[in-house]
>>> print(open('my_file.txt').read())   # compact mmCIF, N, CA and C atoms
# COMPACT_ATOMS: atom_id res chain seq x y z
N MET A 1 13.95 -89.09 -0.42
CA MET A 1 13.23 -88.20 0.46
C MET A 1 13.67 -86.76 0.20
N LYS A 2 12.71 -85.90 -0.04
CA LYS A 2 13.02 -84.49 -0.31
C LYS A 2 13.19 -83.73 0.99
N HIS A 3 14.12 -82.81 0.97
CA HIS A 3 14.32 -81.92 2.11
C HIS A 3 13.87 -80.53 1.69
N PHE A 4 13.02 -79.94 2.50
CA PHE A 4 12.52 -78.61 2.19
C PHE A 4 13.23 -77.58 3.06
N GLN A 5 13.62 -76.48 2.42
CA GLN A 5 14.28 -75.39 3.13
C GLN A 5 13.41 -74.15 3.06
N PRO A 6 13.34 -73.40 4.15
CA PRO A 6 12.59 -72.14 4.09
C PRO A 6 13.23 -71.20 3.06
N PHE A 7 12.38 -70.49 2.35
CA PHE A 7 12.84 -69.56 1.33
C PHE A 7 11.97 -68.32 1.45
N TYR A 8 12.50 -67.15 1.15
CA TYR A 8 11.74 -65.93 1.36
C TYR A 8 12.20 -64.85 0.40
N SER A 9 11.38 -63.84 0.30
CA SER A 9 11.68 -62.65 -0.47
C SER A 9 11.32 -61.45 0.39
N VAL A 10 12.24 -60.49 0.47
CA VAL A 10 11.99 -59.25 1.20
C VAL A 10 12.32 -58.11 0.24
N LYS A 11 11.32 -57.29 -0.04
CA LYS A 11 11.51 -56.14 -0.92
C LYS A 11 11.25 -54.87 -0.14
N THR A 12 12.09 -53.87 -0.35
CA THR A 12 11.84 -52.56 0.24
C THR A 12 11.62 -51.58 -0.90
N SER A 13 10.48 -50.93 -0.86
CA SER A 13 10.09 -49.98 -1.90
C SER A 13 10.25 -50.58 -3.29
N GLY A 14 9.89 -51.86 -3.44
CA GLY A 14 9.91 -52.53 -4.73
C GLY A 14 11.22 -53.20 -5.11
N ASN A 15 12.30 -52.99 -4.35
CA ASN A 15 13.61 -53.56 -4.67
C ASN A 15 13.90 -54.79 -3.80
N GLU A 16 14.27 -55.89 -4.44
CA GLU A 16 14.59 -57.12 -3.71
C GLU A 16 15.88 -56.91 -2.92
N ILE A 17 15.82 -57.13 -1.60
CA ILE A 17 17.02 -56.97 -0.77
C ILE A 17 17.47 -58.29 -0.14
N ALA A 18 16.59 -59.29 -0.14
CA ALA A 18 16.93 -60.55 0.52
C ALA A 18 18.13 -61.23 -0.15
N LYS A 19 18.24 -61.16 -1.46
CA LYS A 19 19.38 -61.80 -2.14
C LYS A 19 20.68 -61.10 -1.80
N LYS A 20 20.66 -59.78 -1.81
CA LYS A 20 21.88 -59.00 -1.55
C LYS A 20 22.32 -59.09 -0.10
N LEU A 21 21.37 -59.13 0.83
CA LEU A 21 21.68 -59.12 2.26
C LEU A 21 21.35 -60.45 2.95
N ARG A 22 21.26 -61.54 2.18
CA ARG A 22 20.85 -62.84 2.74
C ARG A 22 21.74 -63.29 3.89
N ASP A 23 23.05 -63.08 3.79
CA ASP A 23 23.96 -63.50 4.86
C ASP A 23 23.87 -62.60 6.09
N ARG A 24 23.20 -61.45 5.98
CA ARG A 24 23.06 -60.54 7.12
C ARG A 24 21.65 -60.51 7.68
N LEU A 25 20.74 -61.25 7.06
CA LEU A 25 19.36 -61.31 7.52
C LEU A 25 19.26 -62.32 8.65
N VAL A 26 18.85 -61.86 9.83
CA VAL A 26 18.80 -62.70 11.02
C VAL A 26 17.41 -63.30 11.21
N GLU A 27 16.36 -62.51 10.98
CA GLU A 27 15.00 -62.96 11.26
C GLU A 27 13.99 -62.23 10.38
N VAL A 28 13.00 -62.97 9.92
CA VAL A 28 11.86 -62.40 9.21
C VAL A 28 10.61 -63.02 9.82
N SER A 29 9.69 -62.20 10.29
CA SER A 29 8.46 -62.75 10.84
C SER A 29 7.28 -61.87 10.43
N VAL A 30 6.14 -62.53 10.25
CA VAL A 30 4.90 -61.85 9.92
C VAL A 30 3.84 -62.35 10.88
N THR A 31 3.09 -61.44 11.48
CA THR A 31 1.99 -61.79 12.36
C THR A 31 0.71 -61.31 11.72
N GLN A 32 -0.13 -62.26 11.32
CA GLN A 32 -1.41 -61.91 10.71
C GLN A 32 -2.48 -61.92 11.78
N ARG A 33 -3.21 -60.82 11.86
CA ARG A 33 -4.23 -60.67 12.90
C ARG A 33 -5.60 -60.52 12.26
N CYS A 34 -6.63 -60.79 13.04
CA CYS A 34 -7.99 -60.65 12.51
C CYS A 34 -8.66 -59.43 13.14
N GLY A 35 -9.75 -59.04 12.55
CA GLY A 35 -10.50 -57.90 13.08
C GLY A 35 -9.91 -56.58 12.64
N LEU A 36 -10.00 -55.59 13.51
CA LEU A 36 -9.54 -54.25 13.19
C LEU A 36 -8.08 -54.00 13.57
N VAL A 37 -7.36 -55.04 13.96
CA VAL A 37 -5.96 -54.90 14.34
C VAL A 37 -5.09 -55.14 13.11
N SER A 38 -4.10 -54.30 12.89
CA SER A 38 -3.25 -54.39 11.72
C SER A 38 -2.27 -55.56 11.79
N ASP A 39 -2.06 -56.23 10.64
CA ASP A 39 -1.00 -57.23 10.53
C ASP A 39 0.34 -56.50 10.69
N ILE A 40 1.34 -57.20 11.22
CA ILE A 40 2.66 -56.59 11.42
C ILE A 40 3.76 -57.50 10.90
N CYS A 41 4.90 -56.90 10.59
CA CYS A 41 6.08 -57.67 10.20
C CYS A 41 7.28 -57.16 10.98
N HIS A 42 8.28 -58.03 11.10
CA HIS A 42 9.53 -57.69 11.78
C HIS A 42 10.66 -58.28 10.96
N VAL A 43 11.61 -57.45 10.59
CA VAL A 43 12.79 -57.89 9.84
C VAL A 43 14.01 -57.44 10.62
N LYS A 44 14.93 -58.38 10.88
CA LYS A 44 16.12 -58.07 11.68
C LYS A 44 17.38 -58.38 10.87
N PHE A 45 18.29 -57.40 10.82
CA PHE A 45 19.55 -57.54 10.10
C PHE A 45 20.73 -57.43 11.06
N ASP A 46 21.82 -58.07 10.70
CA ASP A 46 23.10 -57.87 11.36
C ASP A 46 23.67 -56.58 10.76
N ASN A 47 23.78 -55.53 11.52
CA ASN A 47 24.19 -54.21 11.03
C ASN A 47 25.63 -53.94 11.43
N LEU A 48 26.55 -54.55 10.72
CA LEU A 48 27.97 -54.42 11.04
C LEU A 48 28.43 -52.97 10.97
N PRO A 49 29.24 -52.54 11.93
CA PRO A 49 29.74 -51.15 11.88
C PRO A 49 30.54 -50.86 10.61
N SER A 50 31.22 -51.86 10.06
CA SER A 50 32.05 -51.66 8.87
C SER A 50 31.22 -51.56 7.59
N ALA A 51 29.99 -52.07 7.59
CA ALA A 51 29.13 -52.05 6.40
C ALA A 51 27.69 -51.83 6.84
N GLN A 52 27.40 -50.62 7.30
CA GLN A 52 26.07 -50.34 7.84
C GLN A 52 25.02 -50.30 6.73
N ILE A 53 23.83 -50.75 7.08
CA ILE A 53 22.70 -50.77 6.17
C ILE A 53 22.03 -49.41 6.20
N LYS A 54 21.61 -48.95 5.02
CA LYS A 54 20.92 -47.66 4.93
C LYS A 54 19.62 -47.73 5.73
N LEU A 55 19.41 -46.75 6.59
CA LEU A 55 18.22 -46.73 7.43
C LEU A 55 16.97 -46.41 6.61
N PRO A 56 15.84 -47.04 6.94
CA PRO A 56 14.62 -46.79 6.17
C PRO A 56 13.99 -45.44 6.50
N LYS A 57 13.12 -44.99 5.60
CA LYS A 57 12.33 -43.78 5.83
C LYS A 57 10.92 -44.21 6.22
N GLU A 58 10.16 -43.30 6.79
CA GLU A 58 8.78 -43.61 7.19
C GLU A 58 7.89 -43.91 6.00
N THR A 59 8.27 -43.46 4.82
CA THR A 59 7.46 -43.69 3.63
C THR A 59 7.82 -44.99 2.92
N ASP A 60 8.87 -45.68 3.36
CA ASP A 60 9.29 -46.93 2.72
C ASP A 60 8.28 -48.04 2.99
N THR A 61 8.21 -48.96 2.05
CA THR A 61 7.34 -50.13 2.20
C THR A 61 8.18 -51.40 2.21
N ILE A 62 7.64 -52.43 2.83
CA ILE A 62 8.29 -53.74 2.89
C ILE A 62 7.30 -54.76 2.36
N GLU A 63 7.72 -55.56 1.38
CA GLU A 63 6.89 -56.65 0.87
C GLU A 63 7.56 -57.96 1.26
N ILE A 64 6.79 -58.87 1.83
CA ILE A 64 7.35 -60.14 2.29
C ILE A 64 6.59 -61.29 1.65
N ALA A 65 7.34 -62.27 1.18
CA ALA A 65 6.78 -63.51 0.64
C ALA A 65 7.61 -64.65 1.21
N MET A 66 6.94 -65.76 1.53
CA MET A 66 7.65 -66.92 2.10
C MET A 66 7.18 -68.20 1.44
N GLY A 67 8.04 -69.21 1.51
CA GLY A 67 7.71 -70.52 0.96
C GLY A 67 8.83 -71.49 1.29
N TYR A 68 8.87 -72.59 0.56
CA TYR A 68 9.90 -73.61 0.75
C TYR A 68 10.47 -73.99 -0.60
N LYS A 69 11.74 -74.30 -0.61
CA LYS A 69 12.36 -74.86 -1.81
C LYS A 69 12.83 -76.27 -1.47
N SER A 70 12.87 -77.11 -2.49
CA SER A 70 13.27 -78.49 -2.25
C SER A 70 14.70 -78.69 -2.75
N GLY A 71 15.62 -78.86 -1.82
CA GLY A 71 17.01 -79.05 -2.19
C GLY A 71 17.74 -77.75 -2.42
N THR A 72 19.03 -77.85 -2.56
CA THR A 72 19.84 -76.65 -2.74
C THR A 72 19.98 -76.25 -4.20
N GLU A 73 19.57 -77.13 -5.13
CA GLU A 73 19.72 -76.80 -6.55
C GLU A 73 18.68 -75.81 -7.04
N ASP A 74 17.60 -75.65 -6.29
CA ASP A 74 16.57 -74.70 -6.70
C ASP A 74 17.07 -73.27 -6.57
N ALA A 75 17.04 -72.52 -7.65
CA ALA A 75 17.44 -71.12 -7.59
C ALA A 75 16.31 -70.28 -6.98
N ASP A 76 15.10 -70.66 -7.29
CA ASP A 76 13.94 -69.96 -6.78
C ASP A 76 12.90 -70.99 -6.35
N ALA A 77 11.93 -70.54 -5.64
CA ALA A 77 10.86 -71.41 -5.19
C ALA A 77 9.55 -70.65 -5.27
N LYS A 78 8.45 -71.40 -5.25
CA LYS A 78 7.14 -70.76 -5.26
C LYS A 78 6.93 -70.09 -3.90
N LEU A 79 6.68 -68.79 -3.93
CA LEU A 79 6.51 -68.01 -2.70
C LEU A 79 5.08 -67.52 -2.60
N ILE A 80 4.60 -67.42 -1.38
CA ILE A 80 3.27 -66.90 -1.10
C ILE A 80 3.42 -65.50 -0.52
N GLY A 81 2.82 -64.53 -1.17
CA GLY A 81 2.90 -63.16 -0.69
C GLY A 81 2.15 -62.99 0.62
N LEU A 82 2.80 -62.38 1.59
CA LEU A 82 2.19 -62.16 2.90
C LEU A 82 1.82 -60.70 3.13
N GLY A 83 1.98 -59.89 2.10
CA GLY A 83 1.51 -58.53 2.21
C GLY A 83 2.58 -57.47 2.04
N LYS A 84 2.07 -56.26 1.96
CA LYS A 84 2.90 -55.07 1.83
C LYS A 84 2.71 -54.26 3.10
N TYR A 85 3.80 -53.85 3.71
CA TYR A 85 3.77 -53.18 5.00
C TYR A 85 4.46 -51.82 4.90
N VAL A 86 3.98 -50.88 5.69
CA VAL A 86 4.60 -49.56 5.77
C VAL A 86 5.50 -49.56 6.99
N VAL A 87 6.72 -49.02 6.85
CA VAL A 87 7.65 -48.98 7.97
C VAL A 87 7.03 -48.17 9.09
N GLY A 88 6.84 -48.80 10.23
CA GLY A 88 6.27 -48.12 11.39
C GLY A 88 7.36 -47.53 12.26
N GLU A 89 8.39 -48.32 12.49
CA GLU A 89 9.53 -47.85 13.28
C GLU A 89 10.72 -48.76 13.01
N PHE A 90 11.90 -48.30 13.40
CA PHE A 90 13.10 -49.11 13.30
C PHE A 90 13.99 -48.78 14.48
N GLN A 91 14.87 -49.73 14.83
CA GLN A 91 15.81 -49.55 15.94
C GLN A 91 17.17 -50.08 15.54
N VAL A 92 18.20 -49.38 15.94
CA VAL A 92 19.57 -49.89 15.83
C VAL A 92 19.99 -50.23 17.25
N LYS A 93 20.25 -51.52 17.50
CA LYS A 93 20.58 -51.98 18.85
C LYS A 93 22.03 -52.42 18.90
N GLY A 94 22.61 -52.37 20.07
CA GLY A 94 23.98 -52.81 20.27
C GLY A 94 24.06 -53.64 21.51
N PRO A 95 25.14 -54.19 21.90
CA PRO A 95 26.46 -54.04 21.30
C PRO A 95 26.67 -54.93 20.08
N ILE A 96 25.75 -55.83 19.79
CA ILE A 96 25.92 -56.70 18.63
C ILE A 96 25.61 -55.96 17.33
N ARG A 97 24.99 -54.84 17.39
CA ARG A 97 24.64 -53.99 16.25
C ARG A 97 23.67 -54.68 15.31
N THR A 98 22.40 -54.64 15.67
CA THR A 98 21.36 -55.15 14.78
C THR A 98 20.44 -54.01 14.38
N LEU A 99 19.83 -54.15 13.22
CA LEU A 99 18.84 -53.20 12.72
C LEU A 99 17.51 -53.94 12.69
N ASP A 100 16.56 -53.50 13.50
CA ASP A 100 15.22 -54.09 13.56
C ASP A 100 14.25 -53.14 12.87
N ILE A 101 13.50 -53.67 11.90
CA ILE A 101 12.50 -52.88 11.18
C ILE A 101 11.14 -53.49 11.44
N TYR A 102 10.19 -52.66 11.85
CA TYR A 102 8.83 -53.10 12.13
C TYR A 102 7.89 -52.42 11.14
N GLY A 103 6.96 -53.18 10.60
CA GLY A 103 6.02 -52.62 9.63
C GLY A 103 4.59 -52.94 9.97
N ASN A 104 3.68 -52.06 9.56
CA ASN A 104 2.23 -52.24 9.74
C ASN A 104 1.59 -52.39 8.37
N LYS A 105 0.66 -53.31 8.26
CA LYS A 105 -0.01 -53.51 6.99
C LYS A 105 -1.00 -52.39 6.70
N LEU A 106 -1.63 -51.90 7.74
CA LEU A 106 -2.61 -50.84 7.58
C LEU A 106 -1.87 -49.51 7.50
N ASN A 107 -2.18 -48.74 6.48
CA ASN A 107 -1.54 -47.43 6.31
C ASN A 107 -2.26 -46.41 7.16
N TRP A 108 -1.74 -46.16 8.35
CA TRP A 108 -2.40 -45.26 9.28
C TRP A 108 -2.42 -43.82 8.80
N HIS A 109 -1.50 -43.46 7.92
CA HIS A 109 -1.47 -42.08 7.45
C HIS A 109 -2.52 -41.82 6.35
N GLU A 110 -3.15 -42.88 5.85
CA GLU A 110 -4.21 -42.71 4.87
C GLU A 110 -5.56 -42.76 5.57
N GLY A 111 -6.52 -42.10 5.00
CA GLY A 111 -7.85 -42.09 5.60
C GLY A 111 -8.56 -43.43 5.45
N PHE A 112 -9.45 -43.74 6.36
CA PHE A 112 -10.23 -44.96 6.27
C PHE A 112 -11.28 -44.80 5.17
N LYS A 113 -11.65 -45.91 4.58
CA LYS A 113 -12.73 -45.87 3.60
C LYS A 113 -14.04 -45.68 4.35
N SER A 114 -14.85 -44.80 3.85
CA SER A 114 -16.14 -44.56 4.51
C SER A 114 -17.25 -44.79 3.49
N PRO A 115 -18.42 -45.15 3.96
CA PRO A 115 -19.52 -45.37 3.04
C PRO A 115 -19.90 -44.06 2.34
N LYS A 116 -20.29 -44.21 1.09
CA LYS A 116 -20.72 -43.03 0.31
C LYS A 116 -22.15 -43.24 -0.13
N ALA A 117 -22.91 -42.18 -0.14
CA ALA A 117 -24.31 -42.26 -0.56
C ALA A 117 -24.51 -41.33 -1.75
N PHE A 118 -25.25 -41.80 -2.74
CA PHE A 118 -25.55 -41.00 -3.92
C PHE A 118 -27.07 -41.00 -4.11
N THR A 119 -27.63 -39.89 -4.57
CA THR A 119 -29.05 -39.82 -4.88
C THR A 119 -29.24 -39.14 -6.23
N TRP A 120 -30.27 -39.58 -6.94
CA TRP A 120 -30.64 -38.97 -8.22
C TRP A 120 -32.13 -38.68 -8.22
N GLU A 121 -32.50 -37.57 -8.77
CA GLU A 121 -33.92 -37.27 -8.88
C GLU A 121 -34.48 -37.82 -10.16
>>> encode(input="my_file.txt", output="structure tokens")
Amino acid sequence: MKHFQPFYSVKTSGNEIAKKLRDRLVEVSVTQRCGLVSDICHVKFDNLPSAQIKLPKETDTIEIAMGYKSGTEDADAKLIGLGKYVVGEFQVKGPIRTLDIYGNKLNWHEGFKSPKAFTWE
């Protein structure tokens, strides 16, 4: 009987951080919404005072992929990309000292696509 373990990838601005900070990653969640509401993500880290994590900038992006691996011998597993998100806000909370990062899939700072009309005589 195979045992499946959750497996994930978290990249910030193109750099994989899940491997380096795997022991400090507390939670990763993605909420996919329909309609005109933006998908969101939430990533929570244990932000120890002795080894604080660099705070994100508003221009940083987060890419999240999730899947399952079978057994502990798998170095990697097939992951399904859940999207690229722009950092919307972050919080450093205490007294346990956690860093919560929230991202929006829709880039609110970019203009919406609008219909274009062309005519030729």
>>> select_by_dssp(input="my_file.txt", residues="chain A", states="strand (DSSP E)", output="PyMOL selection string")
chain A and resi 4-12+15-16+25-31+40-46+61-70+79-93+98-104
>>> select_by_dssp(input="my_file.txt", residues="chain A", states="helix (DSSP H, G or I)", output="PyMOL selection string")
chain A and resi 22-24+49-51
>>> residues_around(input="my_file.txt", residues="Ile53 in chain A", least_positions_apart="6", cutoff="8 Å", atoms="all atoms listed in the file", output="ChimeraX atom specification")
/A:46-47,99
>>> closest_residue(input="my_file.txt", among="A:Pro95, A:Pro49, A:Gly83, A:Gly14", to="Ala65 in chain A", atoms="all atoms listed in the file")
A:Gly83
>>> closest_residue(input="my_file.txt", among="A:Ala77, A:Trp120, A:Tyr68, A:Gly103", to="His42 in chain A", atoms="only N, CA and C atoms")
A:Gly103
>>> residues_around(input="my_file.txt", residues="Ser38 in chain A", least_positions_apart="3", cutoff="8 Å", atoms="only N, CA and C atoms", output="list in words")
Thr31, Gln32, Arg33, Cys34, Gly35, Cys41, Gly103, Asn104, Lys105, Leu106 and Asn107 of chain A
>>> write_last_selection(input="my_file.txt", atoms="N, CA and C atoms", output="compact mmCIF listing (two decimals), in the coordinates of the input")
# COMPACT_ATOMS: atom_id res chain seq x y z
N THR A 31 3.09 -61.44 11.48
CA THR A 31 1.99 -61.79 12.36
C THR A 31 0.71 -61.31 11.72
N GLN A 32 -0.13 -62.26 11.32
CA GLN A 32 -1.41 -61.91 10.71
C GLN A 32 -2.48 -61.92 11.78
N ARG A 33 -3.21 -60.82 11.86
CA ARG A 33 -4.23 -60.67 12.90
C ARG A 33 -5.60 -60.52 12.26
N CYS A 34 -6.63 -60.79 13.04
CA CYS A 34 -7.99 -60.65 12.51
C CYS A 34 -8.66 -59.43 13.14
N GLY A 35 -9.75 -59.04 12.55
CA GLY A 35 -10.50 -57.90 13.08
C GLY A 35 -9.91 -56.58 12.64
N CYS A 41 4.90 -56.90 10.59
CA CYS A 41 6.08 -57.67 10.20
C CYS A 41 7.28 -57.16 10.98
N GLY A 103 6.96 -53.18 10.60
CA GLY A 103 6.02 -52.62 9.63
C GLY A 103 4.59 -52.94 9.97
N ASN A 104 3.68 -52.06 9.56
CA ASN A 104 2.23 -52.24 9.74
C ASN A 104 1.59 -52.39 8.37
N LYS A 105 0.66 -53.31 8.26
CA LYS A 105 -0.01 -53.51 6.99
C LYS A 105 -1.00 -52.39 6.70
N LEU A 106 -1.63 -51.90 7.74
CA LEU A 106 -2.61 -50.84 7.58
C LEU A 106 -1.87 -49.51 7.50
N ASN A 107 -2.18 -48.74 6.48
CA ASN A 107 -1.54 -47.43 6.31
C ASN A 107 -2.26 -46.41 7.16
>>> residues_around(input="my_file.txt", residues="range 22-24 of chain A", least_positions_apart="3", cutoff="9 Å", atoms="only C-alpha atoms", output="PDB file with N, CA and C atoms, in the frame of the given file")
ATOM      1  N   ILE A  17      15.820 -57.130  -1.600  1.00  0.00           N
ATOM      2  CA  ILE A  17      17.020 -56.970  -0.770  1.00  0.00           C
ATOM      3  C   ILE A  17      17.470 -58.290  -0.140  1.00  0.00           C
ATOM      4  N   ALA A  18      16.590 -59.290  -0.140  1.00  0.00           N
ATOM      5  CA  ALA A  18      16.930 -60.550   0.520  1.00  0.00           C
ATOM      6  C   ALA A  18      18.130 -61.230  -0.150  1.00  0.00           C
ATOM      7  N   LYS A  19      18.240 -61.160  -1.460  1.00  0.00           N
ATOM      8  CA  LYS A  19      19.380 -61.800  -2.140  1.00  0.00           C
ATOM      9  C   LYS A  19      20.680 -61.100  -1.800  1.00  0.00           C
ATOM     10  N   LYS A  44      14.930 -58.380  10.880  1.00  0.00           N
ATOM     11  CA  LYS A  44      16.120 -58.070  11.680  1.00  0.00           C
ATOM     12  C   LYS A  44      17.380 -58.380  10.870  1.00  0.00           C
ATOM     13  N   PHE A  45      18.290 -57.400  10.820  1.00  0.00           N
ATOM     14  CA  PHE A  45      19.550 -57.540  10.100  1.00  0.00           C
ATOM     15  C   PHE A  45      20.730 -57.430  11.060  1.00  0.00           C
ATOM     16  N   ASP A  46      21.820 -58.070  10.700  1.00  0.00           N
ATOM     17  CA  ASP A  46      23.100 -57.870  11.360  1.00  0.00           C
ATOM     18  C   ASP A  46      23.670 -56.580  10.760  1.00  0.00           C
ATOM     19  N   ASN A  47      23.780 -55.530  11.520  1.00  0.00           N
ATOM     20  CA  ASN A  47      24.190 -54.210  11.030  1.00  0.00           C
ATOM     21  C   ASN A  47      25.630 -53.940  11.430  1.00  0.00           C
ATOM     22  N   LEU A  48      26.550 -54.550  10.720  1.00  0.00           N
ATOM     23  CA  LEU A  48      27.970 -54.420  11.040  1.00  0.00           C
ATOM     24  C   LEU A  48      28.430 -52.970  10.970  1.00  0.00           C
TER      25      LEU A  48
END
>>> atom_distance(input="my_file.txt", atom1="CA of His3 in chain A", atom2="CA of Ile80 in chain A")
18.9 Å
>>> atom_distance(input="my_file.txt", atom1="CA of Val28 in chain A", atom2="CA of Val43 in chain A")
4.6 Å
>>> residues_around(input="my_file.txt", residues="Pro6 in chain A", least_positions_apart="5", cutoff="7 Å", atoms="all atoms listed in the file", output="PyMOL selection string")
chain A and resi 66-69
>>> atom_distance(input="my_file.txt", atom1="CA of Thr98 in chain A", atom2="CA of Asp39 in chain A")
22.9 Å
>>> build_atoms(input="my_file.txt", residues="range 48-60 of chain A", atoms="N, CA, C and O atoms", output="compact mmCIF listing (two decimals), keeping the file's coordinate frame")
# COMPACT_ATOMS: atom_id res chain seq x y z
N LEU A 48 26.55 -54.55 10.72
CA LEU A 48 27.97 -54.42 11.04
C LEU A 48 28.43 -52.97 10.97
O LEU A 48 28.06 -52.25 10.05
N PRO A 49 29.24 -52.54 11.93
CA PRO A 49 29.74 -51.15 11.88
C PRO A 49 30.54 -50.86 10.61
O PRO A 49 30.54 -49.74 10.11
N SER A 50 31.22 -51.86 10.06
CA SER A 50 32.05 -51.66 8.87
C SER A 50 31.22 -51.56 7.59
O SER A 50 31.70 -51.06 6.57
N ALA A 51 29.99 -52.07 7.59
CA ALA A 51 29.13 -52.05 6.40
C ALA A 51 27.69 -51.83 6.84
O ALA A 51 26.86 -52.72 6.76
N GLN A 52 27.40 -50.62 7.30
CA GLN A 52 26.07 -50.34 7.84
C GLN A 52 25.02 -50.30 6.73
O GLN A 52 25.28 -49.86 5.61
N ILE A 53 23.83 -50.75 7.08
CA ILE A 53 22.70 -50.77 6.17
C ILE A 53 22.03 -49.41 6.20
O ILE A 53 21.88 -48.80 7.25
N LYS A 54 21.61 -48.95 5.02
CA LYS A 54 20.92 -47.66 4.93
C LYS A 54 19.62 -47.73 5.73
O LYS A 54 18.83 -48.66 5.58
N LEU A 55 19.41 -46.75 6.59
CA LEU A 55 18.22 -46.73 7.43
C LEU A 55 16.97 -46.41 6.61
O LEU A 55 17.03 -45.59 5.69
N PRO A 56 15.84 -47.04 6.94
CA PRO A 56 14.62 -46.79 6.17
C PRO A 56 13.99 -45.44 6.50
O PRO A 56 14.28 -44.85 7.53
N LYS A 57 13.12 -44.99 5.60
CA LYS A 57 12.33 -43.78 5.83
C LYS A 57 10.92 -44.21 6.22
O LYS A 57 10.51 -45.35 5.97
N GLU A 58 10.16 -43.30 6.79
CA GLU A 58 8.78 -43.61 7.19
C GLU A 58 7.89 -43.91 6.00
O GLU A 58 6.85 -44.54 6.15
N THR A 59 8.27 -43.46 4.82
CA THR A 59 7.46 -43.69 3.63
C THR A 59 7.82 -44.99 2.92
O THR A 59 7.16 -45.36 1.96
N ASP A 60 8.87 -45.68 3.36
CA ASP A 60 9.29 -46.93 2.72
C ASP A 60 8.28 -48.04 2.99
O ASP A 60 7.62 -48.07 4.02
